[in-house]
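File shown here: run-v3.csv, holding CSV, C-alpha atoms.
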```csv
chain,number,residue,atom,x,y,z
A,1,MET,CA,14.8,-24.7,37.9
A,2,ASN,CA,16.3,-21.4,36.9
A,3,THR,CA,14.5,-18.7,34.9
A,4,LEU,CA,16.4,-19.4,31.6
A,5,LYS,CA,15.5,-23.1,31.7
A,6,LYS,CA,11.9,-22.3,32.4
A,7,ILE,CA,11.7,-20.0,29.4
A,8,ILE,CA,13.3,-22.6,27.1
A,9,LEU,CA,10.9,-25.2,28.4
A,10,VAL,CA,7.9,-23.0,27.8
A,11,ILE,CA,9.1,-22.1,24.2
A,12,THR,CA,9.7,-25.8,23.5
A,13,VAL,CA,6.2,-26.8,24.7
A,14,ILE,CA,4.6,-24.0,22.6
A,15,LEU,CA,6.5,-25.0,19.5
A,16,PHE,CA,5.6,-28.7,20.1
A,17,VAL,CA,1.9,-28.0,20.5
A,18,SER,CA,1.7,-25.5,17.7
A,19,CYS,CA,3.4,-27.7,15.1
A,20,GLY,CA,1.6,-30.9,16.0
A,21,GLY,CA,-1.7,-29.5,17.3
A,22,ASN,CA,-3.8,-29.2,14.1
A,23,PRO,CA,-4.0,-32.0,11.5
A,24,ASN,CA,-4.6,-29.5,8.6
A,25,TYR,CA,-1.5,-27.5,9.1
A,26,GLU,CA,0.8,-29.4,6.8
A,27,THR,CA,-1.7,-29.4,4.0
A,28,ASN,CA,-2.5,-25.7,4.4
A,29,LEU,CA,1.2,-24.9,4.6
A,30,ALA,CA,1.8,-26.6,1.2
A,31,THR,CA,-1.1,-24.6,-0.2
A,32,ALA,CA,0.3,-21.3,1.0
A,33,GLN,CA,3.8,-22.1,-0.3
A,34,LYS,CA,2.3,-23.1,-3.7
A,35,LEU,CA,0.3,-19.8,-3.8
A,36,PHE,CA,3.6,-17.9,-3.4
A,37,GLU,CA,5.4,-20.1,-5.9
A,38,LEU,CA,2.7,-19.6,-8.5
A,39,HIS,CA,2.9,-15.8,-7.9
A,40,GLY,CA,6.5,-15.9,-9.0
A,41,GLU,CA,5.6,-17.9,-12.1
A,42,GLU,CA,2.7,-15.4,-12.8
A,43,LYS,CA,0.1,-18.2,-13.1
A,44,LEU,CA,-2.9,-16.2,-12.1
A,45,ASP,CA,-5.6,-18.8,-12.8
A,46,GLU,CA,-3.8,-21.5,-10.8
A,47,GLN,CA,-3.3,-19.1,-7.9
A,48,LEU,CA,-7.0,-18.2,-7.8
A,49,ALA,CA,-7.9,-21.9,-7.8
A,50,LEU,CA,-6.3,-22.1,-4.3
A,51,VAL,CA,-8.5,-19.4,-2.8
A,52,SER,CA,-12.1,-19.2,-1.8
A,53,GLU,CA,-14.5,-16.9,-3.8
A,54,ASP,CA,-15.4,-15.6,-0.3
A,55,ILE,CA,-11.8,-14.6,0.5
A,56,LYS,CA,-11.2,-11.5,2.5
A,57,ILE,CA,-7.9,-9.7,1.8
A,58,TYR,CA,-6.4,-7.1,4.2
A,59,THR,CA,-4.0,-4.9,2.2
A,60,PRO,CA,-1.0,-2.9,3.4
A,61,MET,CA,-2.2,0.2,1.5
A,62,TYR,CA,-2.6,3.3,3.7
A,63,GLY,CA,-6.1,4.0,4.8
A,64,SER,CA,-7.4,0.6,3.8
A,65,SER,CA,-9.0,-0.7,7.0
A,66,GLU,CA,-11.9,-2.7,5.4
A,67,PRO,CA,-11.2,-6.2,3.9
A,68,MET,CA,-11.3,-6.5,0.1
A,69,GLY,CA,-13.0,-9.3,-1.8
A,70,TYR,CA,-12.2,-11.9,-4.5
A,71,ASP,CA,-12.4,-9.5,-7.5
A,72,VAL,CA,-10.0,-7.0,-5.9
A,73,TYR,CA,-7.7,-9.8,-4.9
A,74,ALA,CA,-7.6,-11.1,-8.4
A,75,SER,CA,-7.0,-7.6,-9.8
A,76,MET,CA,-4.2,-7.0,-7.3
A,77,LEU,CA,-2.4,-10.3,-8.3
A,78,LYS,CA,-2.7,-9.4,-12.0
A,79,GLY,CA,-1.3,-5.9,-11.2
A,80,TYR,CA,1.8,-7.4,-9.6
A,81,HIS,CA,2.2,-9.8,-12.5
A,82,ASP,CA,1.9,-6.9,-15.1
A,83,ASN,CA,4.2,-4.5,-13.2
A,84,PHE,CA,7.0,-6.8,-11.9
A,85,GLU,CA,9.3,-9.4,-13.3
A,86,ASP,CA,11.4,-12.2,-11.8
A,87,ILE,CA,9.4,-11.9,-8.6
A,88,LYS,CA,10.5,-14.5,-6.0
A,89,TYR,CA,9.7,-15.0,-2.3
A,90,ASN,CA,12.5,-15.9,0.0
A,91,ALA,CA,11.0,-17.2,3.2
A,92,GLN,CA,12.8,-16.7,6.5
A,93,ALA,CA,10.2,-18.7,8.3
A,94,TRP,CA,6.8,-20.5,7.9
A,95,LEU,CA,4.9,-20.8,11.1
A,96,PRO,CA,1.6,-22.3,12.4
A,97,GLY,CA,-1.0,-19.9,13.5
A,98,VAL,CA,-3.4,-20.1,16.5
A,99,ASP,CA,-6.9,-19.1,17.2
A,100,THR,CA,-6.8,-15.7,18.9
A,101,LEU,CA,-9.3,-16.6,21.6
A,102,SER,CA,-8.3,-20.2,22.5
A,103,LEU,CA,-4.7,-19.8,21.5
A,104,LYS,CA,-4.9,-23.3,20.0
A,105,PRO,CA,-3.4,-24.2,16.6
A,106,ASP,CA,-6.2,-23.6,14.0
A,107,GLY,CA,-4.4,-24.8,10.8
A,108,SER,CA,-3.6,-21.2,9.6
A,109,VAL,CA,-0.2,-20.3,8.2
A,110,ARG,CA,2.1,-17.4,8.9
A,111,THR,CA,5.3,-16.4,7.2
A,112,TYR,CA,7.8,-13.6,7.1
A,113,GLY,CA,10.5,-13.2,4.4
A,114,THR,CA,11.6,-11.1,1.5
A,115,TRP,CA,10.3,-10.5,-2.0
A,116,THR,CA,12.8,-9.8,-4.8
A,117,GLY,CA,12.3,-8.9,-8.4
A,118,LYS,CA,12.2,-5.7,-10.6
A,119,ASN,CA,9.7,-3.2,-11.8
A,120,SER,CA,8.8,-3.9,-15.4
A,121,ILE,CA,8.7,-0.2,-16.3
A,122,THR,CA,11.6,1.3,-14.4
A,123,GLY,CA,13.8,-1.7,-14.2
A,124,LYS,CA,14.5,-1.0,-10.5
A,125,GLN,CA,15.1,-3.9,-8.2
A,126,ILE,CA,12.8,-4.6,-5.2
A,127,ASN,CA,14.0,-6.0,-1.9
A,128,LEU,CA,10.8,-6.1,0.2
A,129,ASN,CA,10.6,-7.4,3.7
A,130,GLY,CA,7.1,-8.4,5.0
A,131,TYR,CA,4.8,-10.6,7.0
A,132,TRP,CA,1.8,-12.5,5.7
A,133,TYR,CA,-0.9,-14.8,7.2
A,134,PHE,CA,-3.4,-17.2,5.6
A,135,ASN,CA,-6.5,-18.6,7.1
A,136,PHE,CA,-8.3,-21.6,5.4
A,137,ASP,CA,-11.9,-22.8,5.0
A,138,ALA,CA,-13.2,-26.4,5.5
A,139,ASP,CA,-12.2,-27.2,1.8
A,140,GLY,CA,-8.6,-26.1,2.4
A,141,LYS,CA,-8.8,-22.9,0.4
A,142,VAL,CA,-7.5,-19.6,1.5
A,143,ILE,CA,-10.4,-17.7,3.1
A,144,ALA,CA,-8.5,-14.7,4.5
A,145,GLN,CA,-5.1,-13.2,3.8
A,146,GLY,CA,-3.3,-10.3,5.5
A,147,ASP,CA,-0.3,-8.5,4.1
A,148,PHE,CA,2.0,-6.4,6.2
A,149,PHE,CA,4.7,-4.5,4.3
A,150,ASP,CA,5.6,-0.9,3.3
A,151,TYR,CA,3.6,-0.7,0.0
A,152,GLY,CA,4.0,3.0,-0.3
A,153,GLY,CA,7.8,2.8,0.3
A,154,MET,CA,8.1,0.1,-2.3
A,155,MET,CA,6.3,2.1,-5.0
A,156,GLN,CA,8.3,5.2,-4.1
A,157,ALA,CA,11.5,3.2,-4.5
A,158,VAL,CA,10.8,1.2,-7.7
A,159,GLY,CA,7.5,2.3,-9.3
A,160,PRO,CA,6.9,4.8,-12.1
A,161,LYS,CA,6.3,8.4,-11.0
A,162,ASN,CA,3.3,10.5,-11.9
A,163,PRO,CA,4.4,13.9,-10.4
A,164,VAL,CA,2.0,16.8,-10.1
A,165,LEU,CA,3.1,20.3,-9.2
A,166,VAL,CA,0.5,22.8,-8.0
A,167,THR,CA,1.4,26.5,-7.7
A,168,LEU,CA,-0.6,28.9,-5.6
A,169,ASN,CA,0.1,32.6,-6.3
A,170,VAL,CA,-0.8,34.0,-2.9
A,171,LEU,CA,-2.3,37.4,-2.3
A,172,PRO,CA,0.0,39.9,-0.5
A,173,GLY,CA,-0.2,39.5,3.2
A,174,LYS,CA,-2.1,36.2,3.0
A,175,LYS,CA,0.8,33.7,3.5
A,176,GLN,CA,-0.1,32.7,7.0
A,177,ALA,CA,-3.8,32.5,6.1
A,178,MET,CA,-3.0,30.1,3.3
A,179,ILE,CA,-0.7,28.0,5.4
A,180,ASP,CA,-3.3,27.8,8.2
A,181,LEU,CA,-6.1,26.9,5.7
A,182,LEU,CA,-4.0,24.1,4.0
A,183,ASN,CA,-3.1,22.7,7.4
A,184,THR,CA,-6.8,22.2,8.5
A,185,PRO,CA,-8.1,18.6,8.4
A,186,ASP,CA,-9.9,19.3,5.1
A,187,GLY,CA,-6.7,20.6,3.5
A,188,LEU,CA,-3.5,18.8,2.4
A,189,GLN,CA,-4.0,15.9,4.8
A,190,THR,CA,-7.3,15.1,3.0
A,191,THR,CA,-5.4,15.3,-0.3
A,192,ARG,CA,-2.8,12.9,1.0
A,193,ASP,CA,-5.4,10.5,2.2
A,194,TYR,CA,-7.2,10.5,-1.2
A,195,ASP,CA,-7.2,7.3,-3.3
A,196,GLY,CA,-4.1,7.3,-5.5
A,197,SER,CA,-2.0,9.8,-3.6
A,198,LEU,CA,1.4,8.2,-2.9
A,199,SER,CA,3.2,11.2,-1.4
A,200,LEU,CA,2.7,14.9,-0.8
A,201,GLU,CA,5.1,17.8,0.0
A,202,ALA,CA,4.5,21.5,0.3
A,203,PHE,CA,6.6,24.7,0.8
A,204,PHE,CA,6.3,28.4,0.5
A,205,ASN,CA,8.7,30.7,-1.4
A,206,ASP,CA,8.9,34.2,0.1
A,207,GLU,CA,10.6,35.7,-3.0
A,208,THR,CA,7.8,34.8,-5.4
A,209,TYR,CA,5.2,34.7,-2.7
A,210,THR,CA,4.1,31.3,-4.1
A,211,TYR,CA,3.0,28.2,-2.3
A,212,TYR,CA,4.2,25.0,-4.1
A,213,ILE,CA,2.5,21.6,-3.5
A,214,TYR,CA,4.4,18.6,-5.0
A,215,GLY,CA,2.7,15.2,-5.1
A,216,ASP,CA,3.2,11.8,-6.6
A,217,TRP,CA,0.1,9.9,-7.8
A,218,ALA,CA,-0.6,6.3,-8.7
A,219,SER,CA,-1.8,7.6,-12.1
A,220,TYR,CA,-2.9,10.9,-13.6
A,221,GLU,CA,-6.4,9.4,-13.8
A,222,HIS,CA,-6.4,9.2,-10.0
A,223,TYR,CA,-5.3,12.9,-9.8
A,224,GLN,CA,-8.0,14.0,-12.3
A,225,LYS,CA,-10.6,12.2,-10.2
A,226,TYR,CA,-9.3,14.0,-7.1
A,227,LEU,CA,-9.5,17.3,-8.9
A,228,ASP,CA,-13.1,16.7,-10.0
A,229,TRP,CA,-14.0,15.8,-6.4
A,230,ARG,CA,-12.3,18.9,-5.0
A,231,PHE,CA,-14.0,21.3,-7.4
A,232,ASN,CA,-17.4,19.7,-7.6
A,233,ASP,CA,-18.3,17.4,-4.7
A,234,ASP,CA,-16.0,18.5,-1.7
A,235,LYS,CA,-18.5,19.7,0.9
A,236,SER,CA,-15.7,21.7,2.6
A,237,LYS,CA,-15.3,23.9,-0.5
A,238,MET,CA,-11.6,23.8,0.1
A,239,ALA,CA,-10.7,24.6,-3.6
A,240,GLN,CA,-12.9,27.7,-3.5
A,241,LYS,CA,-11.4,28.8,-0.1
A,242,VAL,CA,-7.9,28.4,-1.5
A,243,MET,CA,-8.7,30.4,-4.7
A,244,ALA,CA,-10.1,33.2,-2.6
A,245,LEU,CA,-6.5,33.7,-1.2
A,246,CYS,CA,-4.9,33.6,-4.6
A,247,VAL,CA,-4.0,36.5,-6.9
A,248,GLY,CA,-6.7,36.5,-9.7
A,249,GLY,CA,-8.8,33.8,-7.9
A,250,GLU,CA,-8.9,30.7,-10.0
A,251,LYS,CA,-6.1,32.0,-12.2
A,252,GLY,CA,-3.8,31.9,-9.2
A,253,LEU,CA,-4.1,28.2,-8.7
A,254,THR,CA,-2.3,26.2,-11.4
A,255,PRO,CA,-2.0,22.3,-11.3
A,256,ILE,CA,0.8,21.2,-13.7
A,257,PHE,CA,0.1,17.7,-15.1
A,258,PRO,CA,0.5,15.3,-16.8
A,259,ASN,CA,4.3,15.2,-16.9
A,260,THR,CA,6.7,12.9,-18.8
A,261,ASP,CA,10.3,11.7,-18.8
A,262,TYR,CA,10.7,11.4,-15.0
A,263,SER,CA,14.2,10.7,-13.9
A,264,SER,CA,15.9,10.2,-10.6
A,265,PHE,CA,19.6,10.5,-9.9
A,266,SER,CA,21.6,8.9,-7.1
A,267,ASN,CA,25.3,8.3,-6.3
```

Could you quickly redo this structure as structure tokens?
Amino acid sequence: MNTLKKIILVITVILFVSCGGNPNYETNLATAQKLFELHGEEKLDEQLALVSEDIKIYTPMYGSSEPMGYDVYASMLKGYHDNFEDIKYNAQAWLPGVDTLSLKPDGSVRTYGTWTGKNSITGKQINLNGYWYFNFDADGKVIAQGDFFDYGGMMQAVGPKNPVLVTLNVLPGKKQAMIDLLNTPDGLQTTRDYDGSLSLEAFFNDETYTYYIYGDWASYEHYQKYLDWRFNDDKSKMAQKVMALCVGGEKGLTPIFPNTDYSSFSN
């Protein structure tokens, strides 16, 4: 038997075993499909009826490595319902899952496909590719769900913007000292990793001797919380170190927010 025929045989056997190896798969598949269907119809209570109160949700948000619980899951679903319209899942495939140790079908469901719809505030269309998995308990309810897609990219593309511009009027001769300070682990990387930070960019203008930091935040409340932390609870004292390199100390650091009437222009 040549190599190609062996590969085809192995794939066929795997598919046969996977599809028919767990008696709960078809029922669980129907539940997962119904969950997505109800999401498009924005029927939150009916969605939650399909999941366990002990559900663990693994989100695609940057820095979120620990599983979230039922309340966060419900809040996330409502957030999508409130912020998007005409949401619809177009599955490219629904697949049976296997136990990671025994590699035997365990009744779990996997799917990859595309979400479409539009943001309720900006009206921008989404076209989001992703992969999702669902594990089930003995009662046939979703006990774990994992989401794999570019959440930050989606919000950057279609979500409302909450831009913040920070200007640092740097002391003469302290350009490199400021750049080195902001590039330490406690500097701008910590800002970018903070809850609610969606993007962060920085650049220095030699003519004005000013360092500009431009960020987009999930909300201005998130940014205010970050500021309060930087000035009051940050053990690295980064804000104080930055102000020591600014003309006039605290007066040389100016965060400009909130801002309104955001617009973007494209060809």

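Distance check against His39 (chain A) using only C-alpha atoms: of A:Gly79, A:Thr208, A:Val72, A:Tyr62, the minimum falls on A:Gly79.
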
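The two atoms in question, CA of Ala144 (chain A) and CA of Asn22 (chain A), are spaced 18.0 Å apart.
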
Using all atoms listed in the file, can you tell me which of A:Ala218, A:Pro172, A:Ala32, A:Val51 comes closest to Arg110 (chain A)?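 Smallest separation from Arg110 (chain A) among the options: A:Ala32.
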
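You will find CA of Pro96 (chain A) at 12.9 Å from CA of Gln33 (chain A).
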
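Closest to Gly140 (chain A) among A:Val109, A:Val164, A:Leu171, A:Leu38 is A:Val109, based on all atoms listed in the file.
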
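Remark: for His222 (chain A), the closest of the candidate residues A:Pro163, A:Thr254, A:Lys88, A:Leu188 is A:Pro163 (distances computed over only C-alpha atoms).
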
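Every protein, DNA or RNA residue with an atom at most 6 Å from Thr111 (chain A), where only C-alpha atoms count and chain neighbours fewer than 4 positions away do not, is listed here: A:Ala93, A:Trp94, A:Leu95, A:Tyr131, A:Trp132.
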
Please list as a PyMOL selection string every residue within 8 Å of Ile126 (chain A), counting only C-alpha atoms and excluding residues in the same chain fewer than 4 positions away. chain A and resi 115-119+154+157-158

Keeping C-alpha atoms, export the residues of the selection given above as a PDB file, keeping the file's coordinate frame.
```
ATOM      1  CA  TRP A 115      10.300 -10.500  -2.000  1.00  0.00           C
ATOM      2  CA  THR A 116      12.800  -9.800  -4.800  1.00  0.00           C
ATOM      3  CA  GLY A 117      12.300  -8.900  -8.400  1.00  0.00           C
ATOM      4  CA  LYS A 118      12.200  -5.700 -10.600  1.00  0.00           C
ATOM      5  CA  ASN A 119       9.700  -3.200 -11.800  1.00  0.00           C
ATOM      6  CA  MET A 154       8.100   0.100  -2.300  1.00  0.00           C
ATOM      7  CA  ALA A 157      11.500   3.200  -4.500  1.00  0.00           C
ATOM      8  CA  VAL A 158      10.800   1.200  -7.700  1.00  0.00           C
TER       9      VAL A 158
END
```

For Gly215 (chain A), the nearest of the candidates A:Gln156, A:Gln240, A:Thr31, A:Thr59, counting all atoms listed in the file: A:Gln156

Radius query 12 Å about (-0.2, -25.5, -10.0), atoms used: all atoms listed in the file, as a PyMOL selection string: chain A and resi 30-50

For a quick check of understanding, using all atoms listed in the file, which of A:Leu253, A:Ile213, A:Leu181, A:Leu227 has the smallest distance to Lys241 (chain A)?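 Smallest separation from Lys241 (chain A) among the options: A:Leu181.
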
Excluding Lys56 (chain A) and residues on its chain fewer than 5 positions from it, collect all residues at most 8 Å away from it, counting all atoms listed in the file, and give them as a ChimeraX atom specification. /A:67-70,143-145

Using all atoms listed in the file, determine which residues lie at most 12 Å from Ala244 (chain A), disregarding the query and same-chain residues fewer than 4 positions distant; provide the list as an MDAnalysis selection string. chainID A and resid 168:171 174 177:178 181 237:240 248:253
